[in-house]
Amino acid sequence: MPTTKRTKRIKPKELSFKDLNYQLKYSPPQVKTSDDVKPCCRIIGQDKAINAIKLGLNLKSVGYNIFVTGHAGTGRTTTIKHLLEHLNFEKPQLQDICYVNNFKNEDCPRVLIFTAGDGSRFKKDMNYLISALRKVVPKIFLSEDYKDRYSRIVREFEGRQKELINGFEEKLTKVGFVMVQIQSGVGIRNEIQPLIDKEPNSLDKLERLAKEGKFSLARLDELRRTWDSLRREFDVVTVETKKLTNKLEEALSKLDQSMVAPLISDKINLLKKRFPYEKVQLYLDEVEEALLSDIDRFREARPRRGEEEAPPYRKREPFEEFSVNIILDNSETEGIPIVIEKSPSYKNIFGSLERVVDRFGYWRTDFSRIFSGSLLRASGGFFIINAMDLLTEPGMWMQLKRALRNQEIQIAGYDPFYMMAGSGIKPEPIPLDVKVVLIGEAEVYRLLWRLDEDFKKIFKVKAEFDNMIKLNKKSINQYFEFIRRLVDNEHLLPFDISGMQAICEYGIHLAGSRDKLTTRFNAISDMIRESTFFTQERKGKKVTREDVYKAFENKISRVNLIEEKIQELYDNNTLLVSITGRAVGQINGLSVYNIGEYSFGRPTRITVNTALGKQGIINIEREAELSGPTYNKGVLVLSGYLRQMFAQNKPLAISASISFEQSYGGVDGDSASSTEIYAILSSIGNIPIKQGIAVTGSVNQKGEIQPIGGVNEKINGYFDVCKSKKLTGNQGVVIPHQNVKDLILRPDVMKAVKDGKFHIYPIKTINEGIEILTDLPSGKRRADGKFPKGTVMRIVDDKLLEMALTLRNFGQKEENNNKTKKKK
């Protein structure tokens, strides 16, 4: 037989304090405090997003609106404001927009568009026009010339009317009749009656006398025939009288127009020359026609009946229809309009139609009660709004899409209870030229892209804000400049070089990687402010590293109550975990608790029991419906690893149950998959595992360790448990080697590593991890397909072979027994 060498265990790699220390030592030349640094005047670390935003802001084509994504606090809104204020844009042709009455259809008010400044001048000139006419026209009616013409016309028509009536009355007298006025209800009517004995009598009365024999029937018949003839003539006279009255009114109207029309026309023509806009010309023609068609309105010197004591909002001024409602006034606007909507609602963004109660108690509205929103105020410029604010307000997203797609805005009232609303109006749409910038999370962008086809057409530019930048001298200097700017803007205490370095270290902590800095400058700003507070508390003059550390510790202490309560459960052994000795099929896994603004790690006992069988790996968490899909995938992956390692020449004749002990709230993630493999190998080979070493790390089917998240929280959390139960110098954590760059541990953990009381082992494969946990060589498969003797893999492989043979022999024995029973 060939001789074999005994496999030696290679000493595992262990991270030293030097490997873990991320304290910055960089100091720019001649910089001792933040006062020695220039304030930051640019956006930090968002070059990619800035280039995308510049593209969207400068392209004038339809649909090139911008959706800005990224984590909150990365400076999205600040960047947009900075770019809009500092980029050199061509000054747009700003406009004034007015609504005026549509004299042909009052329910559809007209929109008039002017060059900036002309709108307010037009409103002023229209007000002056009406005011001047109200003063001058009544004076015309009081002039001697007008009174003389008026009197001549009235006398002429009165004479003709009197001549007509007198002729009819003479005829009545000749035939013995007279015109009598009789009370009829609340009015008086004229009636023709015959004279009997010089007294007027009605035909009804004479008919009664005839029946009594007191009046001749023949005479009654004669009077009736005469009355019929006179009545027909009276009707003709009445018609002719009314015609004369109408002609009188027409003559007086022509008189009014002949006296007033030149004045009105002159003033209207003057306005036409001042405002040579096509739609304004048409509107002024309608104004002139409306004024001349109702000249009597100038005679109204007092409010109409019923309006004397009415509140102002119920009065209807006789010349209200000639007013000008300017809803966008850019007469004093300098530069490009930039509107950031902080209180989004349908009314605030798209405008509204105000309804008031008139003097009859009815809800009404008109062109003078149309109000613009912030979207129209941004016309010619830029409109910025938060995407979630827009999407969560009813009706706003659909209306914004229509406005951008059609490039016009339709101001309408938002009436969710439309059945209770009064009659409305439909103003003429307003052309819209605006660039919209939506600010939201990446998930919101993806949802809109997938679910809304219009979104792709109207938001063609996506600007992604990164939440971290590379750690180098340039980015550190930018951090120092940012500190100086905030100190100056908010009048905070200056930072010494150690304090600025500590702020950068906090940026590293938030980034979660030692070669990155976070761009969440709102969190950095908070830490700067809080550090200043603790400096002031100790009456210091400069913020130091210790002040920043104290602010960080205080920040954690404000939110870690749940962490402390869970730690108490470990201290009083309510949550069971072993950190000393060895055990078979038992290991400490590491998990992360996320409570929103704060995350922390704690150990969890994982146990494995194995036995003969064909069920394979039994995932107790999945069977109890307490596991997530990623965790279930991890269990399937480790099953694949076991088949690849040990089932090439035999079946896996095991049933292995895996359990996260004292886990009642669900488990997800695959960071415990390597941990479970170690427990399975320990249980199969009956090999004790060190209980002081906790493990985290994902694994693939080839046994390669993969990186995981939350590595700092897991190490810090396990250290706290070990520290509370007493550090022995044998405790530590096994982590994926890819996570070494992510290690940003607490100072007390790094000190324990430095003193040799706590250990961190980075590994690449399952074999490396099992050696650390068992102090035995793992073993690699030789050319003959076997593992070296004395290795973990050989022990496990031999045990699995034994179990496979036992199960086969047991099956054959059962089969033989069954055959014997059948023969009997």
# chains A, B, ... in the order shown; residues from 1 in each chain; ligands from 1

$ residues_around --residues "A:Glu191" --least-positions-apart "3" --cutoff "8 Å" --atoms "only C-alpha atoms" --output "MDAnalysis selection string"
chainID A and resid 179:182

$ select_by_dssp --residues "stretch 523-589 of chain A" --states "strand (DSSP E or B)" --output "list in words"
Val543, Arg582, Ala583, Gln586, Ile587, Asn588 and Gly589 of chain A

$ atom_distance --atom1 "atom CA of A:Lys124" --atom2 "atom CA of A:Val324"
8.7 Å

$ select_by_dssp --residues "stretch 612-772 of chain A" --states "alpha helix (DSSP H)" --output "MDAnalysis selection string"
chainID A and resid 620:623 629:646 673:685 711:725 747:754 766:772

$ atom_distance --atom1 "atom CA of A:Asp798" --atom2 "atom CA of A:Gly692"
27.6 Å

$ residues_around --residues "stretch 588-591 of chain A" --least-positions-apart "4" --cutoff "7 Å" --atoms "only C-alpha atoms" --output "list in words"
Gly601, Arg602, Pro603, Thr604, Arg605, Ile606, Ala672, Thr675, Gln691, Ala694, Val695, Thr696 and Lys714 of chain A

$ closest_residue --among "A:Glu341, A:Glu537, A:Glu464, A:Glu14" --to "A:Leu493" --atoms "only C-alpha atoms"
A:Glu537

$ closest_residue --among "A:Ala511, A:Ile658, A:Ile458, A:Cys504" --to "A:Gly63" --atoms "only C-alpha atoms"
A:Ile458

$ residues_around --residues "A:Thr544" --least-positions-apart "6" --cutoff "10 Å" --atoms "only C-alpha atoms" --output "list in words"
Thr33, Pro494, Phe495, Asp496, Ile497, Ser498, Gly499, Met500, Gln501, Ala502, Ile503, Ser531, Thr532, Phe534 and Thr535 of chain A

$ residues_around --residues "stretch 686-689 of chain A" --least-positions-apart "4" --cutoff "6 Å" --atoms "only C-alpha atoms" --output "list in words"
Arg582, Ala583, Val584, Ser682, Leu773 and Thr774 of chain A

$ write_last_selection --atoms "all heavy atoms" --output "CSV table (one decimal), in the first residue's frame"
chain,number,residue,atom,x,y,z
A,582,ARG,N,-16.7,23.2,24.2
A,582,ARG,CA,-17.0,22.7,22.9
A,582,ARG,C,-18.3,21.9,22.9
A,582,ARG,O,-18.6,21.4,24.0
A,582,ARG,CB,-15.8,21.8,22.4
A,582,ARG,CG,-14.5,22.5,22.2
A,582,ARG,CD,-13.3,21.5,21.9
A,582,ARG,NE,-12.1,22.2,21.7
A,582,ARG,CZ,-11.4,22.3,20.5
A,582,ARG,NH1,-11.9,21.7,19.4
A,582,ARG,NH2,-10.3,22.9,20.4
A,583,ALA,N,-18.9,21.7,21.8
A,583,ALA,CA,-20.1,21.0,21.7
A,583,ALA,C,-20.3,20.4,20.3
A,583,ALA,O,-19.7,21.0,19.3
A,583,ALA,CB,-21.3,21.8,22.0
A,584,VAL,N,-21.0,19.3,20.2
A,584,VAL,CA,-21.2,18.6,18.9
A,584,VAL,C,-22.5,19.1,18.3
A,584,VAL,O,-23.6,19.1,19.0
A,584,VAL,CB,-21.2,17.1,19.1
A,584,VAL,CG1,-21.6,16.4,17.8
A,584,VAL,CG2,-19.8,16.6,19.5
A,682,SER,N,-20.1,18.7,12.1
A,682,SER,CA,-19.8,18.4,13.5
A,682,SER,C,-20.7,17.3,14.0
A,682,SER,O,-20.3,16.3,14.6
A,682,SER,CB,-20.0,19.6,14.4
A,682,SER,OG,-20.0,19.3,15.8
A,773,LEU,N,-12.6,26.1,13.8
A,773,LEU,CA,-13.6,25.7,14.8
A,773,LEU,C,-13.3,24.4,15.5
A,773,LEU,O,-13.8,24.1,16.6
A,773,LEU,CB,-15.0,25.5,14.1
A,773,LEU,CG,-15.6,26.8,13.6
A,773,LEU,CD1,-16.8,26.5,12.7
A,773,LEU,CD2,-16.1,27.7,14.7
A,774,THR,N,-12.5,23.5,14.9
A,774,THR,CA,-12.2,22.2,15.4
A,774,THR,C,-10.8,21.9,15.8
A,774,THR,O,-10.5,20.9,16.5
A,774,THR,CB,-12.7,21.1,14.4
A,774,THR,OG1,-11.9,21.2,13.2
A,774,THR,CG2,-14.1,21.2,14.1

$ decode --residues "stretch 765-776 of chain A" --atoms "N, CA, C and O atoms" --output "PDB file, in the first residue's frame"
ATOM      1  N   THR A 765     -12.874  29.653   2.359  1.00  0.00           N
ATOM      2  CA  THR A 765     -13.568  28.395   2.071  1.00  0.00           C
ATOM      3  C   THR A 765     -14.094  27.762   3.348  1.00  0.00           C
ATOM      4  O   THR A 765     -13.684  28.130   4.459  1.00  0.00           O
ATOM      5  N   ILE A 766     -14.957  26.773   3.161  1.00  0.00           N
ATOM      6  CA  ILE A 766     -15.480  26.006   4.283  1.00  0.00           C
ATOM      7  C   ILE A 766     -14.332  25.299   5.007  1.00  0.00           C
ATOM      8  O   ILE A 766     -14.316  25.195   6.242  1.00  0.00           O
ATOM      9  N   ASN A 767     -13.374  24.805   4.256  1.00  0.00           N
ATOM     10  CA  ASN A 767     -12.254  24.077   4.857  1.00  0.00           C
ATOM     11  C   ASN A 767     -11.499  24.943   5.853  1.00  0.00           C
ATOM     12  O   ASN A 767     -11.120  24.482   6.941  1.00  0.00           O
ATOM     13  N   GLU A 768     -11.282  26.215   5.517  1.00  0.00           N
ATOM     14  CA  GLU A 768     -10.579  27.098   6.437  1.00  0.00           C
ATOM     15  C   GLU A 768     -11.387  27.302   7.715  1.00  0.00           C
ATOM     16  O   GLU A 768     -10.840  27.337   8.823  1.00  0.00           O
ATOM     17  N   GLY A 769     -12.689  27.455   7.571  1.00  0.00           N
ATOM     18  CA  GLY A 769     -13.529  27.680   8.742  1.00  0.00           C
ATOM     19  C   GLY A 769     -13.589  26.484   9.670  1.00  0.00           C
ATOM     20  O   GLY A 769     -13.532  26.626  10.899  1.00  0.00           O
ATOM     21  N   ILE A 770     -13.720  25.256   9.125  1.00  0.00           N
ATOM     22  CA  ILE A 770     -13.829  24.083   9.981  1.00  0.00           C
ATOM     23  C   ILE A 770     -12.549  23.839  10.757  1.00  0.00           C
ATOM     24  O   ILE A 770     -12.569  23.319  11.878  1.00  0.00           O
ATOM     25  N   GLU A 771     -11.392  24.213  10.209  1.00  0.00           N
ATOM     26  CA  GLU A 771     -10.132  24.063  10.926  1.00  0.00           C
ATOM     27  C   GLU A 771     -10.080  24.989  12.132  1.00  0.00           C
ATOM     28  O   GLU A 771      -9.590  24.605  13.199  1.00  0.00           O
ATOM     29  N   ILE A 772     -10.577  26.217  11.957  1.00  0.00           N
ATOM     30  CA  ILE A 772     -10.595  27.167  13.078  1.00  0.00           C
ATOM     31  C   ILE A 772     -11.507  26.661  14.189  1.00  0.00           C
ATOM     32  O   ILE A 772     -11.190  26.761  15.380  1.00  0.00           O
ATOM     33  N   LEU A 773     -12.637  26.076  13.818  1.00  0.00           N
ATOM     34  CA  LEU A 773     -13.636  25.667  14.806  1.00  0.00           C
ATOM     35  C   LEU A 773     -13.286  24.358  15.509  1.00  0.00           C
ATOM     36  O   LEU A 773     -13.750  24.114  16.632  1.00  0.00           O
ATOM     37  N   THR A 774     -12.481  23.494  14.858  1.00  0.00           N
ATOM     38  CA  THR A 774     -12.221  22.160  15.431  1.00  0.00           C
ATOM     39  C   THR A 774     -10.765  21.913  15.800  1.00  0.00           C
ATOM     40  O   THR A 774     -10.455  20.909  16.450  1.00  0.00           O
ATOM     41  N   ASP A 775      -9.860  22.785  15.374  1.00  0.00           N
ATOM     42  CA  ASP A 775      -8.418  22.583  15.553  1.00  0.00           C
ATOM     43  C   ASP A 775      -7.937  21.315  14.845  1.00  0.00           C
ATOM     44  O   ASP A 775      -6.902  20.732  15.211  1.00  0.00           O
ATOM     45  N   LEU A 776      -8.685  20.877  13.860  1.00  0.00           N
ATOM     46  CA  LEU A 776      -8.301  19.705  13.066  1.00  0.00           C
ATOM     47  C   LEU A 776      -8.111  20.145  11.627  1.00  0.00           C
ATOM     48  O   LEU A 776      -8.784  21.065  11.163  1.00  0.00           O
TER      49      LEU A 776
END
